[in-house]
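A.B. asks: Once you've had a glance at the structure underneath, I'll fire off some questions.
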Amino acid sequence: MKLSELANKAGLKAINEYKDKNFEGVYISDMVSDIITGAKANTLLITLQTHKSLIAAANLVDVSAIVFVKGKTPASDVIELADKAGIGLFVSEVDTWSMALKLFNLGIR
Amino acid sequence: MSTCNHKWEMADIRHGYLVMEGCPRCGGRAAFFSTEAIAPIDEYQEGDHYWVYLGSSQATKFNLKCVECGKRVDLDDMMGLMMSTCDDPECAVVKIGKKEGKGTWVYVALCADSTHASGKCVGAEGIKALNEYFNQNIKVPGKKILVVPCDQCCNIDRCKGIVIADTGLTEIY
C-alpha cells in the first residue's frame with residue numbers, strides 16, 4: 001500500500017512532504033534501542049516518541065514513514081531532520097492499539 | 001580468507017542499561033552495559049580514576065552473525081551508535097562525511113572509554129560488519145550508512161551528534 005492511500009484510509013495527517021511510496025510492513029515501538037534491533041527497511045513505524053533520537057534510529061534502519069499516535073507532534077527541528085532523511089511523518093489522534101487495529105483492518109500485515 | 005558475501009543478522013540481543021560514568025580527576029568518561037534490573041549507581045576507585053555515576057539509559061547490545069557462513073562478529077566494545085551532526089571542519093568524522101557526499105549518513109560507533117587511553121575502540125572487523133549490516137537492506141536509492149569508530153571524533157565534549165538511546169523514557173507521556 002502507498003503512504004498516501006494509507007493516510008487517506010486511516011485518517012492520518014501528514015506533517016511534512018513525503019515521497020509517496022509503497023511500504024512493506026509495520027513496526028510498533030517506543031524505544032529507539034528496540035527500533036534498531038526490530039524495525040526493517042521500508043516499514044511504517046508507529047510510536048509515541050517525538051524526539052530526535054527516534055529519527056536517528058529510524059534513518060539507520062531505513063524506515064519509510066513514522067506515525068505519531070495520540071496526536072503527538074514532534075518539534076520543528078525533528079521534522080527538519082526527518083525531511084533531510086526522507087522519512088514521511090504522520091499524526092493520528094488515536095492510540096497505538098486503535099492504530100494497530102486500523103492497519104490490520106486495512107489488510108496490512 | 002573467507003569468500004563469503006556475508007549476509008548479517010543481529011545475534012545475542014541483550015536488553016539492559018547503558019551506564020555513563022565520569023572521573024572528576026581526569027575529566028574522562030566511561031560507559032558500561034548492565035543487564036541488572038536496576039542500573040548500578042555505585043562510585044568506585046579504579047587505578048587513578050574515581051568513577052562517579054552520571055546517568056543511564058535503557059539500551060540494547062547485539063553482535064552480528066552471517067546467515068550464510070555462520071561467522072560471528074562480537075560487538076562487546078560498542079556501547080552505542082550516534083548519528084553525527086558535527087560541524088567542526090577539523091573533525092575527522094565531518095571530513096569523512098563530506099568526502100562521501102550527499103546521501104551518506106555518518107554514524108559513530110561509541111566505545112566504553114572516551115579518552116581511548118586503554119587503546120581500545122570498536123575494531124575494524126566490527127566496523128566493517130556494521131557497515132555491511134546497515135547497508136544490506138537499504139531500499140532508498142543513493143542512500144548509504146557509514147559507521148565509523150569514535151576515535152575519529154574531534155572531542156567527546158565537542159563532537160555533535162544524536163545518540164540513539166532511550167534517555168528519559170518515563171517522561172514521554
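Residue numbering restarts at 1 in every chain; chains get A, B, ... in the order shown in the C-alpha cells, and ligands count up from 1 in that same order.
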Can you pull out the residues contacting region 26-32 of chain B? Cut-off 7 Å, using only C-alpha atoms, and skip same-chain residues under 4 positions away; I want them as a PyMOL selection string.
C.D. replies: chain B and resi 18-22+79+112-115
A.B. asks: Among chain A, which residues does DSSP mark as helix (DSSP H, G or I) when it is run on the backbone? Keep the chain and numbering as in the structure and answer as a short mmCIF file (atom, residue, chain, number, x, y, z; two decimals) with N, CA and C atoms, in the first residue's frame.
C.D. replies:
```cif
data_model
loop_
_atom_site.label_atom_id
_atom_site.label_comp_id
_atom_site.auth_asym_id
_atom_site.auth_seq_id
_atom_site.Cartn_x
_atom_site.Cartn_y
_atom_site.Cartn_z
N LEU A 3 1.79 5.20 0.83
CA LEU A 3 1.62 6.03 2.02
C LEU A 3 0.40 6.94 1.90
N SER A 4 0.18 7.50 0.72
CA SER A 4 -0.96 8.42 0.53
C SER A 4 -2.28 7.68 0.71
N GLU A 5 -2.34 6.45 0.23
CA GLU A 5 -3.55 5.64 0.37
C GLU A 5 -3.79 5.33 1.86
N LEU A 6 -2.71 4.99 2.54
CA LEU A 6 -2.82 4.72 3.97
C LEU A 6 -3.31 5.96 4.72
N ALA A 7 -2.70 7.10 4.40
CA ALA A 7 -3.08 8.35 5.07
C ALA A 7 -4.57 8.63 4.89
N ASN A 8 -5.02 8.40 3.68
CA ASN A 8 -6.43 8.64 3.36
C ASN A 8 -7.34 7.67 4.11
N LYS A 9 -7.02 6.41 4.07
CA LYS A 9 -7.89 5.39 4.66
C LYS A 9 -7.83 5.35 6.19
N ALA A 10 -6.67 5.69 6.74
CA ALA A 10 -6.51 5.60 8.20
C ALA A 10 -6.67 6.96 8.88
N VAL A 32 13.97 3.53 21.12
CA VAL A 32 14.87 3.61 19.96
C VAL A 32 15.84 2.43 19.93
N SER A 33 16.23 1.95 21.12
CA SER A 33 17.14 0.80 21.15
C SER A 33 16.44 -0.44 20.62
N ASP A 34 15.15 -0.49 20.75
CA ASP A 34 14.38 -1.61 20.21
C ASP A 34 14.18 -1.44 18.70
N ILE A 35 13.98 -0.21 18.28
CA ILE A 35 13.74 0.05 16.85
C ILE A 35 14.94 -0.41 16.01
N ILE A 36 16.15 -0.15 16.49
CA ILE A 36 17.32 -0.52 15.66
C ILE A 36 17.52 -2.04 15.60
N THR A 37 16.94 -2.75 16.56
CA THR A 37 17.07 -4.21 16.51
C THR A 37 15.84 -4.88 15.89
N GLY A 38 14.72 -4.16 15.81
CA GLY A 38 13.49 -4.80 15.35
C GLY A 38 12.89 -4.30 14.05
N LYS A 52 14.47 13.61 18.64
CA LYS A 52 15.40 13.45 17.51
C LYS A 52 16.02 12.06 17.43
N SER A 53 16.24 11.47 18.58
CA SER A 53 16.87 10.16 18.61
C SER A 53 16.04 9.14 17.82
N LEU A 54 14.73 9.37 17.81
CA LEU A 54 13.84 8.48 17.05
C LEU A 54 14.17 8.55 15.56
N ILE A 55 14.42 9.75 15.06
CA ILE A 55 14.73 9.92 13.63
C ILE A 55 16.09 9.28 13.32
N ALA A 56 17.04 9.48 14.25
CA ALA A 56 18.38 8.87 14.06
C ALA A 56 18.27 7.35 13.96
N ALA A 57 17.41 6.76 14.79
CA ALA A 57 17.22 5.30 14.77
C ALA A 57 16.46 4.87 13.52
N ALA A 58 15.39 5.59 13.19
CA ALA A 58 14.57 5.23 12.03
C ALA A 58 15.38 5.33 10.74
N ASN A 59 16.21 6.36 10.65
CA ASN A 59 17.03 6.54 9.46
C ASN A 59 18.07 5.42 9.33
N LEU A 60 18.62 5.01 10.46
CA LEU A 60 19.65 3.96 10.45
C LEU A 60 19.10 2.67 9.85
N SER A 76 9.87 21.30 15.53
CA SER A 76 10.24 21.64 14.15
C SER A 76 11.62 21.09 13.77
N ASP A 77 12.56 21.06 14.73
CA ASP A 77 13.90 20.56 14.39
C ASP A 77 13.87 19.05 14.10
N VAL A 78 12.93 18.36 14.73
CA VAL A 78 12.79 16.92 14.48
C VAL A 78 12.20 16.70 13.08
N ILE A 79 11.22 17.53 12.74
CA ILE A 79 10.61 17.43 11.40
C ILE A 79 11.66 17.76 10.33
N GLU A 80 12.48 18.74 10.63
CA GLU A 80 13.54 19.14 9.68
C GLU A 80 14.51 17.99 9.44
N LEU A 81 14.87 17.28 10.50
CA LEU A 81 15.79 16.14 10.37
C LEU A 81 15.13 15.02 9.55
N ALA A 82 13.85 14.79 9.81
CA ALA A 82 13.12 13.76 9.05
C ALA A 82 13.05 14.14 7.57
N ASP A 83 12.87 15.43 7.29
CA ASP A 83 12.86 15.90 5.90
C ASP A 83 14.18 15.55 5.21
N LYS A 84 15.28 15.83 5.90
CA LYS A 84 16.61 15.54 5.33
C LYS A 84 16.77 14.04 5.08
N ALA A 85 16.19 13.25 5.99
CA ALA A 85 16.33 11.79 5.89
C ALA A 85 15.31 11.18 4.94
N THR A 96 -2.20 3.76 20.19
CA THR A 96 -1.41 2.75 19.47
C THR A 96 -2.24 1.51 19.12
N TRP A 97 -3.01 1.06 20.09
CA TRP A 97 -3.82 -0.15 19.87
C TRP A 97 -4.85 0.09 18.76
N SER A 98 -5.52 1.23 18.82
CA SER A 98 -6.52 1.56 17.80
C SER A 98 -5.87 1.68 16.42
N MET A 99 -4.66 2.24 16.40
CA MET A 99 -3.96 2.36 15.12
C MET A 99 -3.60 0.97 14.58
N ALA A 100 -3.16 0.08 15.48
CA ALA A 100 -2.83 -1.28 15.06
C ALA A 100 -4.06 -1.97 14.48
N LEU A 101 -5.20 -1.77 15.11
CA LEU A 101 -6.44 -2.36 14.61
C LEU A 101 -6.80 -1.80 13.23
N LYS A 102 -6.66 -0.48 13.09
CA LYS A 102 -6.96 0.14 11.80
C LYS A 102 -6.10 -0.46 10.70
N LEU A 103 -4.83 -0.59 10.98
CA LEU A 103 -3.91 -1.13 9.97
C LEU A 103 -4.25 -2.58 9.64
N PHE A 104 -4.59 -3.33 10.67
CA PHE A 104 -4.97 -4.73 10.46
C PHE A 104 -6.23 -4.81 9.59
N ASN A 105 -7.20 -3.97 9.91
CA ASN A 105 -8.46 -3.98 9.17
C ASN A 105 -8.29 -3.50 7.72
#
```
A.B. asks: Hey, which bits of chain B sit within 6 Å of chain A, and for each residue what's the closest pair of atoms and how far apart in Å (one decimal), counting only C-alpha atoms, rows by chain and increasing number, as JSON lines?
C.D. replies:
```
{"residue": "B:Ala59", "atom": "CA", "partner": "A:Ser33", "partner_atom": "CA", "distance": 5.4}
{"residue": "B:Thr60", "atom": "CA", "partner": "A:Ser33", "partner_atom": "CA", "distance": 5.5}
{"residue": "B:Met83", "atom": "CA", "partner": "A:Ala56", "partner_atom": "CA", "distance": 5.9}
{"residue": "B:Ile138", "atom": "CA", "partner": "A:Asp62", "partner_atom": "CA", "distance": 6.0}
{"residue": "B:Ile162", "atom": "CA", "partner": "A:Ser53", "partner_atom": "CA", "distance": 5.9}
{"residue": "B:Ile164", "atom": "CA", "partner": "A:Ser53", "partner_atom": "CA", "distance": 5.3}
```
A.B. asks: Under the rule that only C-alpha atoms are counted, which of A:Lys13, A:Lys19, A:Arg109, A:Lys2 is the nearest residue to Ile87 (chain A)?
C.D. replies: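 Nearest candidate to Ile87 (chain A) out of A:Lys13, A:Lys19, A:Arg109, A:Lys2: A:Lys19.
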A.B. asks: Excluding Lys61 (chain B) and its own-chain neighbours fewer than 5 positions away, which residues fall within 7 Å of it when counting only C-alpha atoms? Please give them as number ranges by chain.
C.D. replies: B: 13-15
A.B. asks: Output the selection as a PDB file, in the first residue's frame - C-alpha atoms for each residue.
C.D. replies:
```
ATOM      1  CA  ILE B  13      20.483  -9.245  21.515  1.00  0.00           C
ATOM      2  CA  ARG B  14      20.641  -8.153  25.154  1.00  0.00           C
ATOM      3  CA  HIS B  15      18.447  -5.526  26.793  1.00  0.00           C
TER       4      HIS B  15
END
```
A.B. asks: When DSSP works through the backbone of this structure, what residues of chain B end up as strand (DSSP E), shown as a compact mmCIF listing (two decimals) with C-alpha atoms, in the first residue's frame?
C.D. replies:
```txt
# COMPACT_ATOMS: atom_id res chain seq x y z
CA TRP B 8 24.40 -10.30 8.51
CA GLU B 9 21.71 -10.58 11.11
CA MET B 10 21.69 -9.40 14.68
CA ALA B 11 22.53 -12.05 17.26
CA ASP B 12 22.81 -12.22 21.05
CA ILE B 13 20.48 -9.25 21.52
CA ARG B 14 20.64 -8.15 25.15
CA HIS B 15 18.45 -5.53 26.79
CA GLY B 16 19.76 -3.53 29.71
CA TYR B 17 21.16 -0.17 30.71
CA LEU B 18 23.95 1.90 29.29
CA VAL B 19 25.56 3.46 32.37
CA MET B 20 27.69 6.58 31.96
CA GLU B 21 30.40 7.46 34.48
CA GLY B 22 32.78 10.37 34.80
CA ARG B 29 34.10 9.38 30.67
CA ALA B 30 33.43 5.70 30.73
CA ALA B 31 30.43 3.60 29.92
CA PHE B 32 29.39 0.07 30.57
CA PHE B 33 26.41 -2.07 29.77
CA SER B 34 24.47 -3.61 32.63
CA TYR B 44 34.37 3.44 42.96
CA GLN B 45 38.13 3.77 42.65
CA GLU B 46 39.87 2.17 39.67
CA HIS B 49 40.27 7.13 38.29
CA TYR B 50 37.40 7.74 40.66
CA TRP B 51 34.29 6.88 38.68
CA VAL B 52 31.10 8.73 39.51
CA TYR B 53 27.68 7.83 38.11
CA LEU B 54 26.48 10.38 35.52
CA GLY B 55 23.35 8.80 34.17
CA SER B 56 21.90 5.83 32.40
CA SER B 57 19.50 4.94 29.64
CA GLN B 58 17.81 1.78 28.52
CA ALA B 59 19.85 0.26 25.73
CA THR B 60 20.36 -2.83 23.65
CA LYS B 61 23.56 -4.63 22.75
CA PHE B 62 23.99 -7.05 19.93
CA ASN B 63 26.51 -8.98 17.90
CA LEU B 64 26.35 -9.80 14.20
CA LYS B 65 26.18 -13.24 12.65
CA CYS B 66 26.39 -14.17 8.98
CA ARG B 72 30.13 -14.11 14.22
CA VAL B 73 31.43 -10.66 14.97
CA GLY B 80 26.00 2.73 21.31
CA LEU B 81 25.56 4.50 18.00
CA MET B 82 25.41 8.22 17.37
CA MET B 83 24.19 9.98 14.23
CA SER B 84 26.87 12.59 13.53
CA THR B 104 25.57 9.29 3.14
CA TRP B 105 24.68 9.36 6.82
CA VAL B 106 27.59 9.03 9.20
CA TYR B 107 27.03 7.15 12.46
CA VAL B 108 29.69 6.92 15.15
CA ALA B 109 30.14 3.63 16.99
CA LEU B 110 30.74 4.67 20.59
CA LYS B 144 24.31 4.95 2.45
CA ILE B 145 25.02 4.43 6.15
CA LEU B 146 28.65 4.93 7.09
CA VAL B 147 29.66 3.72 10.56
CA VAL B 148 32.97 5.00 11.90
CA PRO B 149 34.72 4.35 15.23
CA GLY B 161 25.57 14.04 17.34
CA ILE B 162 22.33 12.36 18.27
CA VAL B 163 22.95 9.32 20.43
```
A.B. asks: List as an NGL selection string the protein and nucleic acid residues near Cys86 (chain B), meaning an atom at most 9 Å away when only C-alpha atoms are counted, but skip any in the same chain fewer than 6 places from it.
C.D. replies: :B and (93-94 or 153 or 158-161)
A.B. asks: I need the chosen residues saved as a PDB file, in the first residue's frame, with N, CA and C atoms.
C.D. replies:
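New file selection09.pdb:
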```pdb
ATOM      1  N   VAL B  93      35.433  13.010  11.502  1.00  0.00           N
ATOM      2  CA  VAL B  93      34.118  12.446  11.143  1.00  0.00           C
ATOM      3  C   VAL B  93      33.442  13.335  10.093  1.00  0.00           C
ATOM      4  N   VAL B  94      33.549  14.646  10.285  1.00  0.00           N
ATOM      5  CA  VAL B  94      32.973  15.596   9.328  1.00  0.00           C
ATOM      6  C   VAL B  94      33.659  15.457   7.965  1.00  0.00           C
ATOM      7  N   CYS B 153      36.300  10.949  16.332  1.00  0.00           N
ATOM      8  CA  CYS B 153      35.639  12.183  16.792  1.00  0.00           C
ATOM      9  C   CYS B 153      36.671  13.215  17.233  1.00  0.00           C
ATOM     10  N   ARG B 158      32.853  18.077  22.293  1.00  0.00           N
ATOM     11  CA  ARG B 158      32.509  19.000  21.198  1.00  0.00           C
ATOM     12  C   ARG B 158      31.860  18.313  20.004  1.00  0.00           C
ATOM     13  N   CYS B 159      32.167  17.055  19.790  1.00  0.00           N
ATOM     14  CA  CYS B 159      31.674  16.371  18.599  1.00  0.00           C
ATOM     15  C   CYS B 159      30.164  16.175  18.724  1.00  0.00           C
ATOM     16  N   LYS B 160      29.432  16.853  17.841  1.00  0.00           N
ATOM     17  CA  LYS B 160      27.968  16.845  17.970  1.00  0.00           C
ATOM     18  C   LYS B 160      27.352  15.618  17.315  1.00  0.00           C
ATOM     19  N   GLY B 161      26.278  15.163  17.913  1.00  0.00           N
ATOM     20  CA  GLY B 161      25.568  14.039  17.337  1.00  0.00           C
ATOM     21  C   GLY B 161      24.329  13.692  18.137  1.00  0.00           C
TER      22      GLY B 161
END
```
